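> The structure file run04.cif (mmCIF, C-alpha atoms) is provided below.
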```
data_start
#
loop_
_atom_site.label_atom_id
_atom_site.label_comp_id
_atom_site.auth_asym_id
_atom_site.auth_seq_id
_atom_site.Cartn_x
_atom_site.Cartn_y
_atom_site.Cartn_z
CA MET C 1 8.17 29.84 14.47
CA LYS C 2 8.78 28.96 10.79
CA SER C 3 9.82 25.50 11.92
CA LYS C 4 6.47 25.07 13.70
CA ILE C 5 4.61 26.06 10.52
CA ILE C 6 6.61 23.44 8.60
CA GLN C 7 5.71 20.84 11.26
CA VAL C 8 1.98 21.60 11.08
CA ALA C 9 1.94 21.81 7.27
CA GLY C 10 3.99 18.63 6.98
CA LEU C 11 1.67 16.75 9.33
CA ALA C 12 -1.45 17.93 7.49
CA LEU C 13 0.00 17.16 4.06
CA THR C 14 1.33 13.72 4.95
CA ILE C 15 -1.83 12.69 6.84
CA ALA C 16 -3.89 13.63 3.76
CA TYR C 17 -1.48 11.62 1.58
CA ALA C 18 -1.75 8.63 3.94
CA ALA C 19 -5.55 8.83 3.78
CA LEU C 20 -5.34 8.83 -0.02
CA ILE C 21 -3.15 5.71 0.06
CA VAL C 22 -5.56 3.89 2.40
CA TRP C 23 -8.44 4.89 0.11
CA ILE C 24 -6.59 3.61 -3.00
CA TYR C 25 -5.92 0.25 -1.31
CA ALA C 26 -9.59 0.04 -0.23
CA VAL C 27 -11.01 0.93 -3.68
CA GLU C 28 -8.35 -1.01 -5.68
CA PRO C 29 -8.71 0.87 -8.97
CA ARG C 30 -7.43 -1.06 -11.98
CA THR C 31 -6.52 1.88 -14.21
CA PHE C 32 -5.79 5.60 -13.89
CA LYS C 33 -9.26 6.22 -15.34
CA GLU C 34 -10.81 4.20 -12.54
CA VAL C 35 -8.80 6.23 -10.03
CA ALA C 36 -10.38 9.39 -11.45
CA THR C 37 -13.88 7.86 -11.52
CA SER C 38 -13.59 6.61 -7.94
CA ALA C 39 -12.37 10.04 -6.85
CA GLU C 40 -15.39 11.66 -8.52
CA LEU C 41 -17.64 9.14 -6.78
CA ALA C 42 -16.06 9.90 -3.41
CA ALA C 43 -16.32 13.64 -4.00
CA GLY C 44 -19.99 13.34 -5.05
CA THR C 45 -19.36 14.84 -8.50
CA TYR C 46 -19.80 11.58 -10.40
CA GLN C 47 -22.23 11.64 -13.32
CA VAL C 48 -23.17 8.97 -15.84
CA ASN C 49 -22.50 9.56 -19.51
CA GLN C 50 -25.98 10.74 -20.56
CA GLU C 51 -25.41 10.11 -24.26
CA LYS C 52 -24.48 6.48 -23.67
CA PHE C 53 -27.34 6.11 -21.20
CA ASN C 54 -29.89 7.29 -23.78
CA SER C 55 -28.44 5.08 -26.47
CA ALA C 56 -28.69 2.10 -24.05
CA LEU C 57 -32.30 3.00 -23.28
CA ASP C 58 -33.04 3.01 -26.96
CA LEU C 59 -31.52 -0.47 -27.31
CA PHE C 60 -33.48 -1.65 -24.27
CA ARG C 61 -36.75 -0.50 -25.81
CA ARG C 62 -35.88 -2.42 -28.96
CA GLU C 63 -35.35 -5.51 -26.72
CA GLN C 64 -31.63 -5.72 -27.42
CA PHE C 65 -30.88 -6.34 -23.78
CA ARG C 66 -27.23 -7.44 -23.95
CA ALA C 67 -26.23 -4.49 -26.10
CA ALA C 68 -28.18 -2.18 -23.78
CA ARG C 69 -26.39 -3.55 -20.73
CA ASP C 70 -22.99 -3.10 -22.39
CA GLU C 71 -23.84 0.49 -23.16
CA TRP C 72 -25.13 1.16 -19.63
CA GLN C 73 -21.98 -0.34 -18.16
CA ARG C 74 -19.96 2.05 -20.28
CA ALA C 75 -22.19 4.94 -19.19
CA ASP C 76 -21.73 4.02 -15.51
CA PRO C 77 -18.29 2.37 -15.21
CA ALA C 78 -18.10 2.87 -11.44
CA ARG C 79 -21.56 1.29 -10.89
CA GLY C 80 -22.35 4.39 -8.90
CA ASP C 81 -25.67 5.51 -10.39
CA ALA C 82 -28.79 3.93 -8.89
CA ARG C 83 -31.02 4.63 -11.92
CA THR C 84 -28.59 2.98 -14.36
CA GLN C 85 -28.19 -0.04 -12.09
CA PHE C 86 -32.00 -0.30 -11.92
CA TYR C 87 -32.20 -0.41 -15.71
CA ILE C 88 -29.40 -2.99 -15.90
CA ALA C 89 -31.32 -5.16 -13.43
CA TYR C 90 -34.49 -4.65 -15.45
CA SER C 91 -32.72 -5.77 -18.64
CA PHE C 92 -31.54 -8.93 -16.85
CA TYR C 93 -35.12 -9.55 -15.74
CA ARG C 94 -36.61 -9.08 -19.22
CA GLU C 95 -33.97 -11.22 -20.89
CA GLY C 96 -34.16 -13.94 -18.26
CA TRP C 97 -37.95 -14.06 -18.17
CA GLY C 98 -39.60 -16.91 -20.04
CA ARG C 99 -43.18 -18.11 -20.23
CA VAL C 100 -42.20 -21.63 -19.15
CA TYR C 101 -38.65 -21.18 -18.02
CA TYR C 102 -36.58 -18.50 -16.20
CA ASP C 103 -32.86 -18.16 -16.89
CA GLN C 104 -31.57 -18.44 -13.32
CA GLN C 105 -28.14 -17.10 -14.17
CA LEU C 106 -29.53 -13.88 -15.64
CA LEU C 107 -32.01 -13.39 -12.81
CA LYS C 108 -29.23 -13.77 -10.24
CA GLN C 109 -27.18 -11.13 -12.05
CA GLY C 110 -30.28 -8.94 -12.10
CA LEU C 111 -30.70 -9.43 -8.36
CA GLU C 112 -27.11 -8.33 -7.86
CA ALA C 113 -27.67 -5.19 -9.91
CA VAL C 114 -30.93 -4.28 -8.18
CA ASN C 115 -29.29 -4.74 -4.78
CA GLN C 116 -26.57 -2.35 -5.91
CA ALA C 117 -29.24 0.13 -7.02
CA ILE C 118 -31.00 -0.14 -3.63
CA ALA C 119 -27.70 0.33 -1.80
CA LEU C 120 -26.91 3.43 -3.85
CA ALA C 121 -30.34 4.93 -3.21
CA SER C 122 -30.41 4.08 0.47
CA ALA C 123 -31.58 7.59 1.47
CA SER C 124 -34.96 7.31 -0.30
CA PRO C 125 -36.77 4.46 -2.09
CA LEU C 126 -35.72 4.31 -5.71
CA THR C 127 -38.53 5.11 -8.17
CA VAL C 128 -38.10 5.34 -11.94
CA ASP C 129 -40.87 7.13 -13.81
CA ASP C 130 -40.66 5.39 -17.16
CA PRO C 131 -44.04 4.71 -18.85
CA ASN C 132 -42.49 1.82 -20.80
CA LEU C 133 -41.82 -0.13 -17.60
CA ARG C 134 -44.42 -1.98 -15.60
CA MET C 135 -42.40 -1.93 -12.40
CA HIS C 136 -41.28 1.49 -11.24
CA THR C 137 -39.60 0.80 -7.92
CA ALA C 138 -36.47 -1.16 -7.09
CA ALA C 139 -38.39 -3.04 -4.38
CA GLU C 140 -40.93 -4.36 -6.93
CA LEU C 141 -38.18 -5.42 -9.31
CA LYS C 142 -36.27 -7.13 -6.52
CA ALA C 143 -39.36 -9.06 -5.42
CA GLU C 144 -39.98 -10.18 -9.00
CA LEU C 145 -36.37 -11.28 -9.47
CA GLU C 146 -36.38 -13.14 -6.14
CA GLN C 147 -39.59 -14.92 -7.09
CA GLY C 148 -37.99 -15.96 -10.34
CA THR C 149 -34.96 -17.47 -8.61
CA GLU C 150 -36.98 -19.39 -5.99
CA ARG C 151 -38.13 -22.93 -6.62
CA SER C 152 -41.66 -23.89 -5.52
CA TRP C 153 -44.57 -26.20 -6.39
CA SER C 154 -46.18 -23.35 -8.33
CA ASP C 155 -43.44 -23.86 -10.93
CA VAL C 156 -45.27 -26.95 -12.16
CA ASN C 157 -48.60 -25.15 -12.41
CA PRO C 158 -49.59 -25.22 -16.13
CA LEU C 159 -51.42 -21.90 -15.73
CA LYS C 160 -47.99 -20.33 -15.30
CA VAL C 161 -47.78 -19.93 -19.06
CA LEU C 162 -50.51 -17.31 -18.86
CA ARG C 163 -48.33 -14.97 -16.82
CA THR C 164 -47.15 -11.81 -18.48
CA ARG C 165 -43.76 -10.19 -18.46
CA LYS C 166 -43.59 -6.94 -16.58
CA MET Z 1 24.15 28.95 5.67
CA THR Z 2 22.78 30.42 8.87
CA ALA Z 3 21.60 28.41 11.85
CA THR Z 4 17.99 29.41 11.04
CA ASP Z 5 18.28 28.08 7.48
CA ARG Z 6 19.79 24.88 8.77
CA SER Z 7 16.98 24.43 11.26
CA ARG Z 8 14.33 25.10 8.59
CA ASN Z 9 15.92 22.65 6.15
CA ARG Z 10 16.09 20.04 8.86
CA ALA Z 11 12.42 20.58 9.72
CA LEU Z 12 11.55 20.30 6.03
CA VAL Z 13 13.39 16.98 5.73
CA ASP Z 14 12.09 15.57 9.03
CA PHE Z 15 8.46 16.58 8.74
CA VAL Z 16 7.74 16.75 5.00
CA VAL Z 17 10.33 15.00 2.81
CA LEU Z 18 10.89 11.85 4.89
CA PRO Z 19 7.19 11.07 5.57
CA MET Z 20 6.41 11.74 1.88
CA PHE Z 21 9.20 9.37 0.81
CA PHE Z 22 8.06 6.66 3.18
CA LEU Z 23 4.38 7.05 2.29
CA THR Z 24 5.22 6.80 -1.41
CA VAL Z 25 7.07 3.55 -0.63
CA ALA Z 26 3.95 2.40 1.27
CA LEU Z 27 1.84 3.19 -1.80
CA LEU Z 28 4.07 1.60 -4.43
CA GLY Z 29 5.32 -1.39 -2.40
CA GLY Z 30 2.09 -3.30 -2.96
CA LEU Z 31 1.49 -2.22 -6.53
CA ARG Z 32 1.76 -4.79 -9.32
CA VAL Z 33 0.79 -4.51 -12.98
CA GLY Z 34 -1.12 -7.45 -14.47
CA ALA Z 35 0.59 -9.31 -17.32
CA GLU Z 36 -2.52 -9.76 -19.48
CA ASN Z 37 -4.51 -6.55 -19.24
CA ARG Z 38 -1.89 -4.21 -17.71
CA ALA Z 39 -4.33 -3.45 -14.89
CA PHE Z 40 -3.19 -2.27 -11.45
CA ILE Z 41 -3.22 -4.90 -8.73
CA PHE Z 42 -2.89 -3.69 -5.14
CA VAL Z 43 -1.45 -6.32 -2.81
CA ALA Z 44 -2.03 -5.49 0.86
CA PRO Z 45 1.00 -6.27 3.06
CA PRO Z 46 0.90 -9.90 4.29
CA LEU Z 47 1.12 -10.43 8.06
CA VAL Z 48 4.70 -11.67 7.82
CA THR Z 49 5.84 -8.32 6.37
CA LEU Z 50 4.58 -6.56 9.52
CA LEU Z 51 6.70 -8.90 11.63
CA LEU Z 52 9.69 -8.25 9.36
CA ALA Z 53 9.07 -4.50 9.63
CA VAL Z 54 9.07 -4.71 13.45
CA LEU Z 55 12.41 -6.52 13.36
CA LEU Z 56 13.80 -4.01 10.88
CA VAL Z 57 12.70 -1.00 12.96
CA LEU Z 58 14.31 -2.61 16.03
CA LEU Z 59 17.48 -3.05 14.00
CA LEU Z 60 17.36 0.59 12.92
CA VAL Z 61 17.12 1.59 16.59
CA ARG Z 62 20.01 -0.68 17.53
CA GLY Z 63 22.06 0.63 14.62
CA ARG Z 64 21.38 4.21 15.82
CA LEU Z 65 19.69 5.15 12.55
CA ILE Z 66 16.62 5.98 14.62
CA ARG Z 67 17.46 8.07 17.69
CA PHE Z 68 14.51 7.83 20.01
CA HIS Z 69 16.15 9.93 22.72
CA GLN Z 70 16.54 12.79 20.23
CA TRP Z 71 13.15 12.47 18.53
CA VAL Z 72 10.71 11.66 21.29
CA GLY Z 73 11.08 12.92 24.82
CA THR Z 74 9.48 14.94 27.59
CA GLU Z 75 11.82 17.88 26.98
CA LEU Z 76 10.53 18.30 23.36
CA PRO Z 77 7.36 20.26 22.45
CA PRO Z 78 4.26 18.01 22.03
CA LEU Z 79 3.89 18.90 18.34
CA THR Z 80 7.47 17.86 17.62
CA ASN Z 81 6.90 14.57 19.45
CA VAL Z 82 3.71 13.92 17.45
CA ALA Z 83 5.46 14.77 14.15
CA HIS Z 84 8.36 12.45 14.97
CA ILE Z 85 6.07 9.59 16.03
CA TRP Z 86 4.13 10.06 12.77
CA MET Z 87 7.39 9.90 10.81
CA LEU Z 88 8.33 6.67 12.60
CA LEU Z 89 4.89 5.23 11.77
CA THR Z 90 5.39 6.03 8.09
CA LEU Z 91 8.81 4.38 8.30
CA PHE Z 92 7.22 1.25 9.77
CA PHE Z 93 4.64 0.95 6.99
CA ALA Z 94 7.26 1.76 4.34
CA SER Z 95 9.43 -1.06 5.71
CA ALA Z 96 6.48 -3.49 5.57
CA GLN Z 97 5.72 -2.46 1.99
CA ALA Z 98 9.39 -2.62 0.95
CA PHE Z 99 9.37 -6.28 2.04
CA ASN Z 100 6.01 -6.75 0.29
CA SER Z 101 7.60 -5.44 -2.89
CA VAL Z 102 10.35 -8.08 -2.96
CA LEU Z 103 8.44 -11.06 -1.52
CA PRO Z 104 6.90 -13.50 -4.01
CA GLU Z 105 3.10 -13.27 -3.77
CA GLY Z 106 2.38 -16.87 -2.82
CA GLY Z 107 3.48 -20.49 -2.70
CA LEU Z 108 6.61 -22.01 -1.26
CA LEU Z 109 8.85 -19.20 -2.53
CA HIS Z 110 6.92 -16.67 -0.43
CA TRP Z 111 7.69 -18.64 2.71
CA LEU Z 112 11.30 -19.32 1.68
CA PHE Z 113 11.96 -15.62 1.13
CA SER Z 114 10.16 -14.73 4.37
CA PHE Z 115 12.24 -17.26 6.27
CA PHE Z 116 15.52 -15.91 4.89
CA PHE Z 117 14.50 -12.35 5.71
CA LEU Z 118 13.54 -13.38 9.25
CA TRP Z 119 16.76 -15.30 9.69
CA THR Z 120 18.91 -12.39 8.47
CA LEU Z 121 17.11 -9.76 10.55
CA TRP Z 122 17.12 -11.94 13.66
CA ASN Z 123 20.87 -12.60 13.34
CA ASN Z 124 21.55 -8.91 12.76
CA GLN Z 125 19.84 -8.08 16.06
CA PHE Z 126 22.90 -9.52 17.82
CA SER Z 127 25.57 -7.86 15.66
CA SER Z 128 27.12 -4.49 16.34
CA PHE Z 129 26.17 -1.96 13.68
CA ASP Z 130 26.84 1.66 12.99
CA PRO Z 131 24.43 3.59 10.71
CA ARG Z 132 26.73 3.39 7.68
CA ARG Z 133 27.27 -0.37 7.91
CA LEU Z 134 23.58 -0.96 8.61
CA LEU Z 135 22.58 1.05 5.53
CA ARG Z 136 25.01 -0.89 3.38
CA SER Z 137 23.73 -4.19 4.76
CA LEU Z 138 20.07 -3.25 4.15
CA ALA Z 139 20.77 -2.02 0.62
CA ILE Z 140 22.41 -5.36 -0.18
CA LEU Z 141 19.58 -7.34 1.47
CA PHE Z 142 16.87 -5.58 -0.55
CA GLY Z 143 19.02 -5.54 -3.70
CA THR Z 144 19.54 -9.31 -3.57
CA ALA Z 145 15.84 -9.97 -2.98
CA PHE Z 146 14.98 -7.65 -5.87
CA VAL Z 147 17.34 -9.45 -8.26
CA LEU Z 148 15.98 -12.85 -7.20
CA LYS Z 149 12.31 -11.94 -7.49
CA HIS Z 150 12.09 -9.42 -10.29
CA MET Z 151 14.90 -10.66 -12.51
CA LEU Z 152 15.54 -14.35 -11.91
CA LEU Z 153 12.08 -15.64 -10.97
CA ALA Z 154 10.22 -13.24 -13.25
CA SER Z 155 12.36 -14.41 -16.13
CA LEU Z 156 11.73 -18.09 -15.31
CA TYR Z 157 7.95 -17.69 -15.06
CA SER Z 158 7.63 -15.32 -17.99
CA THR Z 159 5.27 -16.49 -20.73
CA GLU Z 160 7.39 -14.68 -23.28
CA GLY Z 161 11.01 -15.45 -24.06
CA GLY Z 162 12.89 -18.35 -25.64
CA TRP Z 163 12.13 -22.05 -25.46
CA LEU Z 164 15.06 -22.73 -23.11
CA ARG Z 165 13.65 -20.32 -20.55
CA ARG Z 166 10.20 -21.84 -20.86
CA VAL Z 167 11.60 -25.37 -20.49
CA ALA Z 168 13.53 -24.31 -17.35
CA GLY Z 169 10.40 -22.71 -15.88
CA THR Z 170 8.25 -25.75 -16.66
CA LEU Z 171 10.90 -28.09 -15.20
CA LEU Z 172 11.10 -26.02 -12.03
CA GLN Z 173 7.33 -26.12 -11.63
CA GLY Z 174 7.24 -29.85 -12.38
CA VAL Z 175 10.03 -30.76 -9.94
CA SER Z 176 8.44 -28.69 -7.18
CA LEU Z 177 4.97 -30.21 -7.90
CA GLY Z 178 3.56 -26.75 -8.44
CA THR Z 179 4.56 -25.41 -5.03
CA LEU Z 180 6.88 -22.88 -6.68
CA ASP Z 181 4.08 -21.46 -8.82
CA ALA Z 182 4.02 -17.67 -8.85
CA PRO Z 183 1.73 -15.22 -10.61
CA THR Z 184 3.29 -13.44 -13.57
CA PHE Z 185 3.26 -9.67 -13.80
CA ALA Z 186 4.08 -7.13 -16.47
CA PRO Z 187 7.71 -5.91 -16.61
CA ALA Z 188 6.49 -2.55 -15.28
CA THR Z 189 6.15 -4.24 -11.86
CA GLY Z 190 9.92 -4.66 -11.69
CA TYR Z 191 10.49 -0.99 -12.54
CA ILE Z 192 7.99 0.08 -9.87
CA SER Z 193 9.68 -2.15 -7.31
CA PHE Z 194 13.13 -0.79 -8.22
CA PHE Z 195 11.89 2.78 -7.80
CA THR Z 196 10.22 1.85 -4.49
CA LEU Z 197 13.36 0.27 -3.04
CA THR Z 198 15.55 3.15 -4.23
CA LEU Z 199 13.21 5.60 -2.57
CA TYR Z 200 13.21 3.53 0.62
CA VAL Z 201 16.99 3.35 0.81
CA ALA Z 202 17.22 7.08 -0.04
CA GLY Z 203 14.80 7.73 2.83
CA LEU Z 204 16.99 5.70 5.18
CA ILE Z 205 20.08 7.65 4.07
CA LEU Z 206 18.24 10.92 4.77
CA LEU Z 207 17.13 9.48 8.08
CA ALA Z 208 20.76 8.81 9.00
CA PHE Z 209 21.49 12.50 8.55
CA ALA Z 210 18.26 13.79 10.10
CA GLY Z 211 18.59 15.28 13.58
CA LYS Z 212 22.32 14.65 13.62
CA ASP Z 213 24.37 17.47 15.10
CA GLU Z 214 27.89 18.09 13.88
CA THR Z 215 29.31 17.62 17.37
CA ASP Z 216 27.23 14.47 17.70
CA SER Z 217 28.68 13.05 14.49
CA VAL Z 218 32.26 13.71 15.62
CA VAL Z 219 31.62 12.09 19.00
CA HIS Z 220 29.96 9.07 17.42
CA GLN Z 221 32.78 8.69 14.92
CA VAL Z 222 35.34 8.61 17.73
CA VAL Z 223 33.22 6.17 19.72
CA GLU Z 224 32.75 3.96 16.67
CA GLU Z 225 36.46 3.94 15.90
CA TYR Z 226 37.14 3.08 19.54
CA ARG Z 227 34.71 0.16 19.38
CA GLN Z 228 36.47 -1.27 16.35
CA LEU Z 229 39.83 -1.42 18.15
CA PRO Z 230 41.19 -4.66 19.60
CA ALA Z 231 40.89 -5.10 23.39
CA SER Z 232 44.55 -4.22 24.13
CA ASP Z 233 44.30 -0.97 22.14
CA ARG Z 234 41.03 -0.08 23.88
CA LEU Z 235 42.83 -0.44 27.22
CA ALA Z 236 45.58 1.88 26.00
CA VAL Z 237 43.00 4.46 24.89
CA ARG Z 238 41.25 4.29 28.27
CA ASP Z 239 44.59 4.74 30.09
CA ALA Z 240 45.39 7.72 27.88
CA ILE Z 241 42.03 9.31 28.69
CA LEU Z 242 42.52 8.73 32.41
CA ASP Z 243 46.04 10.22 32.19
CA ASP Z 244 44.55 13.29 30.60
CA GLN Z 245 42.93 14.35 33.89
CA PRO Z 246 43.25 18.07 34.82
CA ALA Z 247 46.38 18.84 36.86
CA PRO Z 248 45.75 19.04 40.63
CA LYS Z 249 45.46 22.56 42.04
CA ILE Z 250 48.57 23.81 43.86
CA GLU Z 251 47.76 25.22 47.21
CA VAL Z 252 49.67 28.42 47.91
CA LYS Z 253 50.31 28.92 51.55
CA ASN Z 254 50.42 32.38 52.98
CA ASP Z 255 53.87 33.81 52.48
CA PRO Z 256 54.78 36.51 55.05
CA ARG Z 257 56.88 38.28 52.38
CA ILE Z 258 53.83 38.89 50.18
CA PRO Z 259 51.75 41.71 51.51
CA THR Z 260 48.07 40.90 51.94
CA LYS Z 261 45.31 43.36 51.13
#
```
What does the file become when written as structure tokens?


Amino acid sequence: MKSKIIQVAGLALTIAYAALIVWIYAVEPRTFKEVATSAELAAGTYQVNQEKFNSALDLFRREQFRAARDEWQRADPARGDARTQFYIAYSFYREGWGRVYYDQQLLKQGLEAVNQAIALASASPLTVDDPNLRMHTAAELKAELEQGTERSWSDVNPLKVLRTRK
Amino acid sequence: MTATDRSRNRALVDFVVLPMFFLTVALLGGLRVGAENRAFIFVAPPLVTLLLAVLLVLLLVRGRLIRFHQWVGTELPPLTNVAHIWMLLTLFFASAQAFNSVLPEGGLLHWLFSFFFLWTLWNNQFSSFDPRRLLRSLAILFGTAFVLKHMLLASLYSTEGGWLRRVAGTLLQGVSLGTLDAPTFAPATGYISFFTLTLYVAGLILLAFAGKDETDSVVHQVVEEYRQLPASDRLAVRDAILDDQPAPKIEVKNDPRIPTK
């Protein structure tokens, strides 16, 4: 009887261990800290560092976009928070936006971040209620970023300079 | 030690310790540590390591280190069969990852090492092995590969070290037109690989003792010793066994002097 208990316990324990190994190889964490963060993400207990998030928001409002992005990346190292990813994408948009010229590289990075935000908030459309922003949904931001990366005849329209940054 | 204790210890080794050992080998076999940033790099087992693992498991069966007839069979309870099959699965993946641990990650050296492993394992399929000799042979095989990859090659490709070492590494790369290029890892990778291989060999040693009855070991020892004898001696042993037949029964005929009941 005891032997049967050992068999069942052994099977359960080793199957759980095997699942953990498969998960580690799938996630490929680079440090022990990333292992912990990924585990939190998988368990649904992951939270961004609110202090760093607020400090990044402050930098963003002062138009220091690169510094803001750095801070947001530190606040959300696992890229697991939709709201933070939305703000990162927004900072790429604002930095890449120009009256006569769009920085394609930055807009592409912004598109990547907004796609990540949409993927993370797949259950419901992502909306950010920030009065300082002119676009509040990830869909709007994505459309704006996509427009910026596309080439068309409207690019040579001189009236383009009258457009405003959102 | 009572028979119950023995049975419990055996169950503990078979169903907990051995799968844990082999799964740890499966985890660490593909782990490398980056030279620059000391970050973990997980290398999934290349396809060739699965082929090598199949050959190795076949060899373990031929060398009687894995005893299918004792571990999986219709006369065993289903749970025991499932637990043993699971243990064999973990052994398979541990074998693949043990090869992954000692194979260079890319380039010509990867294929050279793979070829030598394949050649050795294929040749061994046709040799007669007993568990002890097989264990010794595998320990030497993995030990040699470890020394070549983690000591010799790692030292040649290391960015640190003296000028002579760097010149030798550069010459080797130049002569081979870059086909011998290999990524460099932190020294911790070698330590991880050493621990992995030690754990794997320790698992195989435990496996050799798992599910082995005392009577079984005596019988196998005698059979093994018999197999190592020259042909003439084997014949003599067989004759001796045949001579040792039970004496024929003596029929006692009814004797009129002995009164019957």

> Work out how far apart CA of Ala26 (chain Z) and CA of Leu47 (chain Z) are and give it in Å to one decimal.

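So the two atoms, CA of Ala26 (chain Z) and CA of Leu47 (chain Z), lie 14.8 Å apart.
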
> Can you tell me, as a list of chain:residue names, what residues are no more than 12 Å from region 131-135 of chain C when counting only C-alpha atoms, ignoring any on the same chain fewer than 6 positions away?

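Non-adjacent residues within range: C:Leu57, C:Asp58, C:Phe60, C:Arg61, C:Arg62, C:Glu63, C:Phe86, C:Tyr87, C:Ala89, C:Tyr90, C:Ser91, C:Tyr93, C:Arg94, C:Leu141, C:Lys142, C:Ala143, C:Glu144, C:Leu145, C:Thr164, C:Arg165, C:Lys166.
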
> Quick one: write out the picked residues with C-alpha atoms as an mmCIF file, in the frame of the given file?


```cif
data_model
loop_
_atom_site.group_PDB
_atom_site.id
_atom_site.type_symbol
_atom_site.label_atom_id
_atom_site.label_comp_id
_atom_site.auth_asym_id
_atom_site.auth_seq_id
_atom_site.Cartn_x
_atom_site.Cartn_y
_atom_site.Cartn_z
ATOM 1 C CA LEU C 57 -32.300 3.000 -23.280
ATOM 2 C CA ASP C 58 -33.040 3.010 -26.960
ATOM 3 C CA PHE C 60 -33.480 -1.650 -24.270
ATOM 4 C CA ARG C 61 -36.750 -0.500 -25.810
ATOM 5 C CA ARG C 62 -35.880 -2.420 -28.960
ATOM 6 C CA GLU C 63 -35.350 -5.510 -26.720
ATOM 7 C CA PHE C 86 -32.000 -0.300 -11.920
ATOM 8 C CA TYR C 87 -32.200 -0.410 -15.710
ATOM 9 C CA ALA C 89 -31.320 -5.160 -13.430
ATOM 10 C CA TYR C 90 -34.490 -4.650 -15.450
ATOM 11 C CA SER C 91 -32.720 -5.770 -18.640
ATOM 12 C CA TYR C 93 -35.120 -9.550 -15.740
ATOM 13 C CA ARG C 94 -36.610 -9.080 -19.220
ATOM 14 C CA LEU C 141 -38.180 -5.420 -9.310
ATOM 15 C CA LYS C 142 -36.270 -7.130 -6.520
ATOM 16 C CA ALA C 143 -39.360 -9.060 -5.420
ATOM 17 C CA GLU C 144 -39.980 -10.180 -9.000
ATOM 18 C CA LEU C 145 -36.370 -11.280 -9.470
ATOM 19 C CA THR C 164 -47.150 -11.810 -18.480
ATOM 20 C CA ARG C 165 -43.760 -10.190 -18.460
ATOM 21 C CA LYS C 166 -43.590 -6.940 -16.580
#
```

> Using CA of Trp97 (chain C) and CA of Phe65 (chain C) as the two end points, give the distance in Å to one decimal.

11.9 Å

> Would you kindly return, as number ranges by chain, each protein, DNA or RNA residue with an atom no farther than 8 Å from any atom of region 11-14 of chain Z, considering only C-alpha atoms and excluding same-chain residues fewer than 2 positions away?

C: 3, 6-7, 10; Z: 7-9, 16-19, 84, 87, 206-207, 210-211

> Given the file shown, determine the residues that the PyMOL selection byres ((chain Z) within 12 of (chain C)) selects; report them as a VMD selection string.

chain Z and resid 4 to 34 37 to 45 77 to 87 89 to 90 93 to 94

> To one decimal place in Å, what is the distance between CA of Ser127 (chain Z) and CA of Leu60 (chain Z)?

12.1 Å
